[in-house]
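Student: Supplied structure: structure11.cif, mmCIF, C-alpha atoms and all ligand atoms.
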```cif
data_my_file
loop_
_atom_site.group_PDB
_atom_site.id
_atom_site.type_symbol
_atom_site.label_atom_id
_atom_site.label_comp_id
_atom_site.auth_asym_id
_atom_site.auth_seq_id
_atom_site.Cartn_x
_atom_site.Cartn_y
_atom_site.Cartn_z
ATOM 1 C CA MET A 29 21.973 -15.837 17.564
ATOM 2 C CA SER A 30 24.377 -17.035 14.967
ATOM 3 C CA ARG A 31 23.934 -18.104 11.378
ATOM 4 C CA ASN A 32 21.032 -20.557 11.094
ATOM 5 C CA ASP A 33 20.676 -20.764 14.867
ATOM 6 C CA ASP A 34 17.492 -22.226 16.286
ATOM 7 C CA PHE A 35 15.214 -19.915 18.213
ATOM 8 C CA SER A 36 14.316 -21.206 21.628
ATOM 9 C CA ARG A 37 10.649 -21.819 22.291
ATOM 10 C CA THR A 38 8.876 -18.571 23.109
ATOM 11 C CA GLY A 39 5.355 -18.651 24.419
ATOM 12 C CA GLY A 40 4.679 -22.076 22.969
ATOM 13 C CA SER A 41 5.657 -21.129 19.403
ATOM 14 C CA ARG A 42 7.450 -23.442 16.973
ATOM 15 C CA VAL A 43 11.228 -23.498 16.717
ATOM 16 C CA GLY A 44 12.496 -21.975 13.484
ATOM 17 C CA GLN A 45 15.654 -20.935 11.723
ATOM 18 C CA VAL A 46 17.180 -17.604 10.799
ATOM 19 C CA LYS A 47 18.416 -17.195 7.252
ATOM 20 C CA GLU A 48 21.416 -14.907 7.057
ATOM 21 C CA VAL A 49 21.628 -12.701 3.986
ATOM 22 C CA THR A 50 24.296 -10.132 3.238
ATOM 23 C CA SER A 51 24.293 -9.808 -0.540
ATOM 24 C CA LEU A 52 22.152 -7.321 -2.424
ATOM 25 C CA THR A 53 21.993 -9.798 -5.298
ATOM 26 C CA ASN A 54 20.357 -12.503 -3.189
ATOM 27 C CA PRO A 55 16.989 -13.278 -4.871
ATOM 28 C CA ILE A 56 15.023 -12.860 -1.612
ATOM 29 C CA VAL A 57 16.568 -9.420 -1.136
ATOM 30 C CA LYS A 58 15.766 -8.543 -4.752
ATOM 31 C CA ASP A 59 12.115 -9.502 -4.134
ATOM 32 C CA LEU A 60 11.989 -7.394 -0.975
ATOM 33 C CA ARG A 61 13.538 -4.394 -2.746
ATOM 34 C CA ALA A 62 10.965 -4.731 -5.510
ATOM 35 C CA LEU A 63 8.250 -4.032 -2.919
ATOM 36 C CA ALA A 64 9.140 -0.345 -3.245
ATOM 37 C CA LEU A 65 7.079 -0.563 -6.453
ATOM 38 C CA LYS A 66 3.286 -0.755 -6.354
ATOM 39 C CA LYS A 67 3.235 -3.303 -9.175
ATOM 40 C CA TYR A 68 5.107 -5.856 -7.050
ATOM 41 C CA ARG A 69 3.261 -5.003 -3.843
ATOM 42 C CA ASP A 70 -0.018 -5.645 -5.642
ATOM 43 C CA GLN A 71 1.231 -8.808 -7.351
ATOM 44 C CA GLN A 72 2.159 -10.259 -3.981
ATOM 45 C CA GLY A 73 -0.547 -8.509 -1.937
ATOM 46 C CA VAL A 74 1.972 -7.382 0.668
ATOM 47 C CA PHE A 75 3.678 -4.242 2.005
ATOM 48 C CA LEU A 76 6.599 -3.191 4.207
ATOM 49 C CA ALA A 77 6.334 -1.752 7.704
ATOM 50 C CA GLU A 78 9.448 -0.418 9.418
ATOM 51 C CA GLY A 79 10.310 -0.489 13.105
ATOM 52 C CA LEU A 80 10.073 -3.017 15.928
ATOM 53 C CA LYS A 81 7.206 -1.263 17.717
ATOM 54 C CA LEU A 82 5.139 -1.129 14.552
ATOM 55 C CA VAL A 83 5.763 -4.780 13.785
ATOM 56 C CA ILE A 84 4.790 -5.820 17.331
ATOM 57 C CA ASP A 85 1.633 -3.643 17.208
ATOM 58 C CA ALA A 86 0.657 -5.128 13.853
ATOM 59 C CA MET A 87 1.095 -8.695 15.043
ATOM 60 C CA GLU A 88 -0.893 -7.952 18.183
ATOM 61 C CA GLN A 89 -3.715 -6.725 15.957
ATOM 62 C CA ASP A 90 -3.563 -9.995 13.996
ATOM 63 C CA TRP A 91 -2.024 -8.682 10.790
ATOM 64 C CA ARG A 92 -0.455 -11.574 8.926
ATOM 65 C CA ILE A 93 3.335 -11.329 8.740
ATOM 66 C CA LYS A 94 5.055 -13.060 5.805
ATOM 67 C CA THR A 95 8.680 -12.065 6.436
ATOM 68 C CA LEU A 96 10.574 -10.480 9.296
ATOM 69 C CA VAL A 97 13.860 -8.788 8.413
ATOM 70 C CA PHE A 98 16.236 -7.625 11.122
ATOM 71 C CA ALA A 99 19.683 -6.044 11.078
ATOM 72 C CA LYS A 100 22.663 -7.900 12.570
ATOM 73 C CA ALA A 101 22.823 -5.190 15.266
ATOM 74 C CA GLY A 102 19.526 -6.571 16.580
ATOM 75 C CA LYS A 103 21.078 -9.918 17.488
ATOM 76 C CA GLY A 104 20.408 -10.859 21.090
ATOM 77 C CA ASN A 105 17.565 -8.340 21.461
ATOM 78 C CA LYS A 106 14.871 -10.225 23.417
ATOM 79 C CA LEU A 107 11.953 -8.437 21.764
ATOM 80 C CA ILE A 108 13.289 -9.152 18.281
ATOM 81 C CA GLU A 109 13.755 -12.813 19.203
ATOM 82 C CA GLN A 110 10.157 -12.981 20.429
ATOM 83 C CA VAL A 111 8.849 -11.386 17.246
ATOM 84 C CA ALA A 112 10.998 -13.779 15.193
ATOM 85 C CA ALA A 113 9.611 -16.775 17.073
ATOM 86 C CA ARG A 114 6.051 -15.531 16.512
ATOM 87 C CA THR A 115 6.800 -15.043 12.813
ATOM 88 C CA PHE A 116 7.913 -18.685 12.571
ATOM 89 C CA ALA A 117 4.861 -19.816 14.485
ATOM 90 C CA LYS A 118 2.701 -18.078 11.852
ATOM 91 C CA GLY A 119 4.619 -19.779 9.031
ATOM 92 C CA GLY A 120 6.697 -16.718 8.101
ATOM 93 C CA LEU A 121 10.333 -16.344 7.118
ATOM 94 C CA VAL A 122 12.986 -14.631 9.294
ATOM 95 C CA LEU A 123 16.020 -12.972 7.738
ATOM 96 C CA GLU A 124 19.073 -11.596 9.465
ATOM 97 C CA VAL A 125 20.662 -9.057 7.138
ATOM 98 C CA SER A 126 23.487 -6.538 6.978
ATOM 99 C CA GLU A 127 22.733 -2.840 7.458
ATOM 100 C CA LYS A 128 23.484 -2.349 3.758
ATOM 101 C CA VAL A 129 20.717 -4.785 2.852
ATOM 102 C CA ILE A 130 18.116 -3.288 5.198
ATOM 103 C CA SER A 131 18.993 0.212 3.859
ATOM 104 C CA ALA A 132 18.453 -1.022 0.324
ATOM 105 C CA ILE A 133 15.084 -2.601 1.191
ATOM 106 C CA THR A 134 13.748 0.514 2.906
ATOM 107 C CA ARG A 135 15.657 3.019 0.727
ATOM 108 C CA ARG A 136 16.897 4.816 3.813
ATOM 109 C CA ASP A 137 20.336 5.844 5.024
ATOM 110 C CA ASN A 138 19.517 5.307 8.682
ATOM 111 C CA PRO A 139 17.188 2.343 8.523
ATOM 112 C CA GLN A 140 15.189 0.862 11.381
ATOM 113 C CA MET A 141 16.581 -2.406 12.741
ATOM 114 C CA VAL A 142 13.418 -4.339 11.947
ATOM 115 C CA VAL A 143 11.171 -4.487 8.892
ATOM 116 C CA GLY A 144 8.063 -6.625 8.533
ATOM 117 C CA VAL A 145 6.387 -7.745 5.318
ATOM 118 C CA PHE A 146 2.633 -7.919 5.935
ATOM 119 C CA GLU A 147 -0.379 -8.952 3.885
ATOM 120 C CA GLN A 148 -2.456 -6.065 2.568
ATOM 121 C CA GLN A 149 -6.047 -5.858 3.765
ATOM 122 C CA TYR A 150 -9.024 -4.251 2.063
ATOM 123 C CA ASN A 151 -12.600 -4.656 3.243
ATOM 124 C CA PRO A 152 -15.569 -5.037 0.903
ATOM 125 C CA LEU A 153 -17.741 -1.918 0.857
ATOM 126 C CA ALA A 154 -20.834 -4.133 1.093
ATOM 127 C CA SER A 155 -19.739 -4.995 4.642
ATOM 128 C CA LEU A 156 -19.725 -1.322 5.660
ATOM 129 C CA ARG A 157 -22.875 -0.510 7.630
ATOM 130 C CA PRO A 158 -22.202 2.585 9.737
ATOM 131 C CA GLN A 159 -24.262 2.946 12.896
ATOM 132 C CA GLY A 160 -24.579 5.156 15.982
ATOM 133 C CA ASN A 161 -22.072 8.012 15.806
ATOM 134 C CA ASP A 162 -19.653 6.222 13.486
ATOM 135 C CA VAL A 163 -17.503 8.502 11.351
ATOM 136 C CA HIS A 164 -15.900 7.406 8.086
ATOM 137 C CA VAL A 165 -13.739 9.403 5.713
ATOM 138 C CA ALA A 166 -14.203 9.092 1.947
ATOM 139 C CA LEU A 167 -11.321 10.382 -0.170
ATOM 140 C CA ASP A 168 -11.806 11.199 -3.824
ATOM 141 C CA ARG A 169 -8.689 10.275 -5.889
ATOM 142 C CA VAL A 170 -6.185 11.304 -3.202
ATOM 143 C CA ARG A 171 -2.788 11.631 -4.922
ATOM 144 C CA ASP A 172 -0.221 12.518 -2.317
ATOM 145 C CA PRO A 173 1.176 9.681 -0.125
ATOM 146 C CA GLY A 174 2.000 12.104 2.712
ATOM 147 C CA ASN A 175 -1.555 13.464 2.689
ATOM 148 C CA LEU A 176 -3.059 9.975 2.729
ATOM 149 C CA GLY A 177 -0.789 8.805 5.558
ATOM 150 C CA THR A 178 -1.527 11.922 7.609
ATOM 151 C CA ILE A 179 -5.278 11.495 7.051
ATOM 152 C CA ILE A 180 -5.151 7.823 8.124
ATOM 153 C CA ARG A 181 -3.252 8.839 11.274
ATOM 154 C CA THR A 182 -5.671 11.685 12.051
ATOM 155 C CA ALA A 183 -8.736 9.530 11.369
ATOM 156 C CA ASP A 184 -7.358 6.955 13.806
ATOM 157 C CA ALA A 185 -6.665 9.682 16.384
ATOM 158 C CA VAL A 186 -10.266 10.928 16.367
ATOM 159 C CA GLY A 187 -11.702 7.402 16.473
ATOM 160 C CA ALA A 188 -13.008 7.285 12.897
ATOM 161 C CA LYS A 189 -14.043 3.796 11.835
ATOM 162 C CA GLY A 190 -12.654 3.538 8.320
ATOM 163 C CA ILE A 191 -11.338 5.185 5.172
ATOM 164 C CA ILE A 192 -13.054 4.791 1.809
ATOM 165 C CA LEU A 193 -10.670 5.325 -1.096
ATOM 166 C CA ILE A 194 -12.616 6.384 -4.185
ATOM 167 C CA GLY A 195 -11.224 6.098 -7.710
ATOM 168 C CA ASP A 196 -7.598 6.105 -8.734
ATOM 169 C CA THR A 197 -5.730 6.903 -5.511
ATOM 170 C CA THR A 198 -2.153 6.808 -4.294
ATOM 171 C CA ASP A 199 -1.295 3.450 -2.718
ATOM 172 C CA PRO A 200 -2.039 3.326 1.034
ATOM 173 C CA TYR A 201 0.578 0.571 1.260
ATOM 174 C CA SER A 202 3.501 2.530 -0.216
ATOM 175 C CA LEU A 203 6.527 2.990 2.048
ATOM 176 C CA GLU A 204 5.897 6.728 2.230
ATOM 177 C CA THR A 205 2.228 6.444 3.166
ATOM 178 C CA VAL A 206 2.819 3.694 5.728
ATOM 179 C CA ARG A 207 5.568 5.827 7.325
ATOM 180 C CA ALA A 208 3.273 8.860 7.498
ATOM 181 C CA THR A 209 0.537 6.814 9.226
ATOM 182 C CA MET A 210 2.927 6.149 12.144
ATOM 183 C CA GLY A 211 1.280 2.761 12.701
ATOM 184 C CA SER A 212 -2.343 3.828 12.222
ATOM 185 C CA ILE A 213 -2.398 1.848 8.950
ATOM 186 C CA PHE A 214 -2.861 -1.193 11.208
ATOM 187 C CA SER A 215 -5.741 0.300 13.190
ATOM 188 C CA ILE A 216 -8.176 1.584 10.626
ATOM 189 C CA PRO A 217 -10.060 -0.452 8.004
ATOM 190 C CA LEU A 218 -9.624 0.526 4.357
ATOM 191 C CA TYR A 219 -12.201 0.240 1.566
ATOM 192 C CA LYS A 220 -11.201 0.738 -2.072
ATOM 193 C CA VAL A 221 -13.933 1.449 -4.606
ATOM 194 C CA THR A 222 -14.774 3.077 -7.902
ATOM 195 C CA GLU A 223 -16.880 6.221 -7.924
ATOM 196 C CA ALA A 224 -19.825 4.210 -9.296
ATOM 197 C CA GLU A 225 -19.523 1.641 -6.489
ATOM 198 C CA PHE A 226 -19.434 4.417 -3.886
ATOM 199 C CA LEU A 227 -22.487 6.154 -5.366
ATOM 200 C CA ASN A 228 -24.334 2.853 -5.393
ATOM 201 C CA TRP A 229 -23.423 2.181 -1.733
ATOM 202 C CA ARG A 230 -24.452 5.722 -0.863
ATOM 203 C CA LYS A 231 -28.036 4.996 -1.949
ATOM 204 C CA GLY A 232 -28.397 2.650 1.009
ATOM 205 C CA PHE A 233 -26.632 4.947 3.491
ATOM 206 C CA SER A 234 -29.150 6.836 5.608
ATOM 207 C CA GLY A 235 -26.668 8.830 7.738
ATOM 208 C CA LEU A 236 -25.149 12.203 6.851
ATOM 209 C CA LEU A 237 -22.841 12.478 3.840
ATOM 210 C CA VAL A 238 -20.927 15.760 4.153
ATOM 211 C CA GLY A 239 -18.753 16.870 1.279
ATOM 212 C CA THR A 240 -16.213 19.637 1.593
ATOM 213 C CA HIS A 241 -16.125 22.071 -1.251
ATOM 214 C CA LEU A 242 -14.600 25.473 -1.877
ATOM 215 C CA LYS A 243 -17.943 26.472 -3.400
ATOM 216 C CA GLY A 244 -19.858 25.048 -0.422
ATOM 217 C CA ALA A 245 -22.293 27.621 0.897
ATOM 218 C CA VAL A 246 -22.375 26.333 4.472
ATOM 219 C CA ASP A 247 -19.898 27.108 7.266
ATOM 220 C CA TYR A 248 -18.740 23.678 8.514
ATOM 221 C CA ARG A 249 -19.395 24.745 12.142
ATOM 222 C CA THR A 250 -23.114 25.277 11.526
ATOM 223 C CA ILE A 251 -23.863 21.673 10.571
ATOM 224 C CA SER A 252 -25.240 19.267 13.176
ATOM 225 C CA TYR A 253 -23.195 16.068 13.003
ATOM 226 C CA SER A 254 -24.356 14.323 16.178
ATOM 227 C CA ASN A 255 -26.665 11.351 16.714
ATOM 228 C CA GLN A 256 -26.138 9.854 13.291
ATOM 229 C CA PRO A 257 -23.407 8.123 11.324
ATOM 230 C CA VAL A 258 -21.348 10.579 9.266
ATOM 231 C CA VAL A 259 -19.327 10.070 6.114
ATOM 232 C CA LEU A 260 -16.978 12.994 5.478
ATOM 233 C CA MET A 261 -16.007 13.293 1.820
ATOM 234 C CA MET A 262 -12.870 15.154 0.738
ATOM 235 C CA GLY A 263 -11.880 16.177 -2.789
ATOM 236 C CA ASN A 264 -8.793 15.576 -4.871
ATOM 237 C CA GLU A 265 -5.820 17.877 -4.211
ATOM 238 C CA GLN A 266 -5.868 19.538 -7.629
ATOM 239 C CA GLN A 267 -9.471 19.374 -8.782
ATOM 240 C CA GLY A 268 -11.585 19.147 -5.648
ATOM 241 C CA LEU A 269 -14.783 17.063 -5.680
ATOM 242 C CA PRO A 270 -16.319 16.391 -9.106
ATOM 243 C CA ASP A 271 -19.967 17.427 -9.574
ATOM 244 C CA SER A 272 -21.051 13.770 -9.597
ATOM 245 C CA LEU A 273 -19.808 13.243 -6.014
ATOM 246 C CA ALA A 274 -20.766 16.722 -4.787
ATOM 247 C CA ALA A 275 -24.335 16.140 -5.982
ATOM 248 C CA ALA A 276 -24.569 12.974 -3.867
ATOM 249 C CA CYS A 277 -23.813 14.859 -0.612
ATOM 250 C CA ASP A 278 -26.462 15.872 1.931
ATOM 251 C CA ARG A 279 -24.443 18.984 2.761
ATOM 252 C CA LEU A 280 -21.473 20.794 1.213
ATOM 253 C CA ALA A 281 -19.364 22.404 3.904
ATOM 254 C CA ARG A 282 -16.739 25.117 3.657
ATOM 255 C CA ILE A 283 -14.013 26.056 6.106
ATOM 256 C CA PRO A 284 -13.758 29.856 6.153
ATOM 257 C CA GLN A 285 -10.415 31.338 5.203
ATOM 258 C CA ALA A 286 -8.735 34.723 5.476
ATOM 259 C CA GLY A 287 -5.497 35.696 3.739
ATOM 260 C CA ARG A 288 -4.398 34.882 0.214
ATOM 261 C CA ALA A 289 -4.310 31.055 0.218
ATOM 262 C CA ASP A 290 -6.768 29.588 -2.302
ATOM 263 C CA SER A 291 -7.497 26.548 -0.178
ATOM 264 C CA LEU A 292 -6.230 24.467 2.712
ATOM 265 C CA ASN A 293 -4.015 21.431 2.291
ATOM 266 C CA LEU A 294 -6.218 18.321 1.988
ATOM 267 C CA ALA A 295 -4.905 16.629 5.149
ATOM 268 C CA ILE A 296 -5.245 19.835 7.189
ATOM 269 C CA ALA A 297 -8.809 20.380 5.936
ATOM 270 C CA THR A 298 -9.647 16.768 6.848
ATOM 271 C CA GLY A 299 -8.238 17.296 10.354
ATOM 272 C CA VAL A 300 -10.240 20.492 10.882
ATOM 273 C CA MET A 301 -13.433 18.727 9.762
ATOM 274 C CA LEU A 302 -12.856 15.579 11.794
ATOM 275 C CA TYR A 303 -12.276 17.506 15.007
ATOM 276 C CA GLU A 304 -15.511 19.431 14.474
ATOM 277 C CA ILE A 305 -17.482 16.278 13.678
ATOM 278 C CA ARG A 306 -16.049 14.503 16.736
ATOM 279 C CA ARG A 307 -16.160 17.601 18.997
ATOM 280 C CA ASP A 308 -18.602 16.089 21.531
ATOM 281 C CA ALA A 309 -17.095 12.615 21.441
ATOM 282 C CA LEU A 310 -13.513 13.588 22.247
ATOM 283 C CA ILE A 311 -12.841 14.418 25.872
ATOM 284 C CA LEU A 312 -9.415 15.097 27.290
ATOM 285 C CA ASP A 313 -8.412 12.484 29.812
ATOM 286 C CA GLU A 314 -7.771 14.612 32.899
ATOM 287 C CA ARG A 315 -6.430 11.983 35.261
ATOM 288 C CA PRO A 316 -3.900 13.555 37.666
HETATM 289 N N1 LIG B 1 -8.350 23.579 -6.520
HETATM 290 C C1 LIG B 1 -9.079 22.687 -5.698
HETATM 291 C C2 LIG B 1 -10.561 23.040 -5.685
HETATM 292 O O1 LIG B 1 -10.934 23.934 -6.400
HETATM 293 O O2 LIG B 1 -11.364 22.418 -4.972
HETATM 294 C C3 LIG B 1 -8.473 22.707 -4.324
HETATM 295 C C4 LIG B 1 -8.599 21.408 -3.656
HETATM 296 S S1 LIG B 1 -8.091 21.417 -1.984
HETATM 297 C C5 LIG B 1 -6.386 21.560 -2.064
HETATM 298 C C6 LIG B 1 -8.346 19.706 -1.612
HETATM 299 C C7 LIG B 1 -9.567 19.429 -0.820
HETATM 300 O O3 LIG B 1 -9.419 19.914 0.506
HETATM 301 C C8 LIG B 1 -10.853 20.052 -1.317
HETATM 302 O O4 LIG B 1 -11.441 19.294 -2.348
HETATM 303 C C9 LIG B 1 -11.698 20.014 -0.068
HETATM 304 O O5 LIG B 1 -12.176 18.709 0.168
HETATM 305 C C10 LIG B 1 -10.673 20.340 0.996
HETATM 306 N N2 LIG B 1 -10.580 21.764 1.313
HETATM 307 C C11 LIG B 1 -9.472 22.541 1.269
HETATM 308 N N3 LIG B 1 -9.751 23.781 1.700
HETATM 309 C C12 LIG B 1 -11.062 23.804 2.036
HETATM 310 C C13 LIG B 1 -11.948 24.784 2.564
HETATM 311 N N4 LIG B 1 -11.547 26.028 2.834
HETATM 312 N N5 LIG B 1 -13.229 24.436 2.794
HETATM 313 C C14 LIG B 1 -13.667 23.182 2.532
HETATM 314 N N6 LIG B 1 -12.864 22.213 2.038
HETATM 315 C C15 LIG B 1 -11.593 22.502 1.800
#
```
Rewrite the structure of this file - the entire thing - as structure tokens.
Tutor:
Amino acid sequence: MSRNDDFSRTGGSRVGQVKEVTSLTNPIVKDLRALALKKYRDQQGVFLAEGLKLVIDAMEQDWRIKTLVFAKAGKGNKLIEQVAARTFAKGGLVLEVSEKVISAITRRDNPQMVVGVFEQQYNPLASLRPQGNDVHVALDRVRDPGNLGTIIRTADAVGAKGIILIGDTTDPYSLETVRATMGSIFSIPLYKVTEAEFLNWRKGFSGLLVGTHLKGAVDYRTISYSNQPVVLMMGNEQQGLPDSLAAACDRLARIPQAGRADSLNLAIATGVMLYEIRRDALILDERP
């Protein structure tokens, strides 16, 4: 492809044009760089996802792409051309940029060749009606982007159906969190609510709400999780669950510890709990 070249038709999509941008002062680049800040992500309702595989996965799962950015080195790459053609077909913008520009957008020294700008998606809590053996994770004021990304990835891995973010949380659509999800951000629905909204929703939830608490009296392995929907609630990294949320739980579970550590890391504790809750549902695929 060369500057402002037409894309050939790919899979019936519209023909579009590539805009070439090399200057960091270009206004489009400035807007993309601003997406490192939550304020601008929220204003525009979008976020950045890095890497060709991630962008393809997202588009296959019907996430709406607004802009596709690719580095000059990606010129002639068939997959990138296909993704670019699909971006045009969806009404998006395609930018060919220098490595310097893509580094500045992603704030990385060794950037990926492709970055997608996608629309954020939150689901209304009213639409959440767990059934069967559904598992959801509720996170109280999670602060650390790495923890949140790791939890989203782990929840996806065990087949959990959604993440409920309660209160003032770190942004699931920050660069750091999206990176830590390794693509699972596109596979698991997010709900964002206040504590009061969660407690109100909880009144109509007839499954099992299990909170994890360092003062919990029950060993997490003694609880029966099967044959009912489960919501697993995890506390804030510094303060743990407040009394108001702990009081709303059917059970308060504790993971036994030896040694001198006061507690487990939030994402690790969530992983331990999720694997216990999903113990019977997860079977190793033993195909030869
Ligand atoms: N100082 C906090 C407290 O007193 O709760 C520590 C919070 S801990 C780092 C963050 C969250 O991870 C806790 O709220 C709880 O949900 C979970 N957690 C960590 N270790 C746990 C354990 N041994 N048993 C149950 N939950 C645990």
Student: Around ligand LIG 1 (chain B), at most 9 Å away and counting all atoms listed in the file, which residues are there? Put them as a VMD selection string, please.
Tutor: chain A and resid 167 to 168 170 239 to 244 247 to 248 261 to 270 280 to 285 290 to 298 301
Student: Mind pulling up the distance from CA of Arg181 in chain A to CA of Ser212 in chain A?
Tutor: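 Spanning CA of Ser212 in chain A to CA of Arg181 in chain A is a straight-line distance of 5.2 Å.
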Student: Name the residues captured by the PyMOL selection byres (((chain A and resi 98) around 8) and not hetatm) when it is applied to the shown file; answer as a PyMOL selection string.
Tutor: chain A and resi 96-97+99-100+102+108+122-125+130+141-143
Student: Between CA of Tyr201 in chain A and CA of Lys189 in chain A, what is the spacing in Å?
Tutor: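 CA of Lys189 in chain A sits 18.3 Å away from CA of Tyr201 in chain A.
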Student: Let me know the residues the PyMOL selection byres (((chain A and resi 209) around 8) and not hetatm) catches in the file above, as a count of residues only.
Tutor: 13
Student: As an exercise, work out the distance from CA of Ala183 in chain A to CA of Pro158 in chain A in Å and give it to one decimal place.
Tutor: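 These two atoms are separated by 15.2 Å.
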Student: Do you know which residues the PyMOL selection byres (((chain A and resi 196) around 8) and not hetatm) returns on this file, as a VMD selection string?
Tutor: chain A and resid 169 to 170 194 to 195 197 to 198 222
Student: Using all atoms listed in the file, which of the listed residues (A:Val57, A:Leu82, A:Gln89, A:Asp308) sits closest to Val186 in chain A?
Tutor: A:Asp308
Student: Compile the contact shell of Ser254 in chain A as a list of chain:residue names: residues with an atom at most 7 Å away, counting only C-alpha atoms, same-chain residues fewer than 2 positions apart removed.
Tutor: A:Asn161, A:Ser252, A:Gln256
Student: Using all atoms listed in the file, list the residues that have an atom at most 10 Å from (-21.1, 4.4, -1.3), coordinates as in the file, as an NGL selection string.
Tutor: :A and (153-154 or 156 or 166 or 192 or 194 or 221-233 or 237 or 259 or 276)
Student: Write out as a list of chain:residue names the residues lying within 12 Å of Asp59 in chain A, counting only C-alpha atoms and excluding same-chain residues fewer than 4 positions away.
Tutor: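 These residues fall inside the cut-off: A:Leu52, A:Thr53, A:Asn54, A:Pro55, A:Leu63, A:Ala64, A:Leu65, A:Lys67, A:Tyr68, A:Arg69, A:Gln71, A:Gln72, A:Val74, A:Phe75, A:Leu76, A:Thr95, A:Ala132, A:Ile133, A:Val145.
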Student: So, with all atoms listed in the file as the atoms that count, which of A:Leu218, A:Ile84, A:Leu176, A:Val300 lies closest to Ser202 in chain A?
Tutor: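 Comparing A:Leu218, A:Ile84, A:Leu176, A:Val300 against Ser202 in chain A, the winner is A:Leu176.
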Student: If the box runs along x, y and z of the file and leaves 5 Å on each side of range 122-138 of chain A, what are its centre and edge lengths in Å, one decimal, as AutoDock Vina command-line options?
Tutor:
```
--center_x 18.2 --center_y -4.4 --center_z 4.9 --size_x 20.5 --size_y 30.5 --size_z 19.1
```
Student: Pick out the closest residue to Pro217 in chain A from this set: A:Asn175, A:Thr250, A:Gln149, A:Ser272. Count only C-alpha atoms.
Tutor: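 With only C-alpha atoms as the atom set, the closest residue is A:Gln149.
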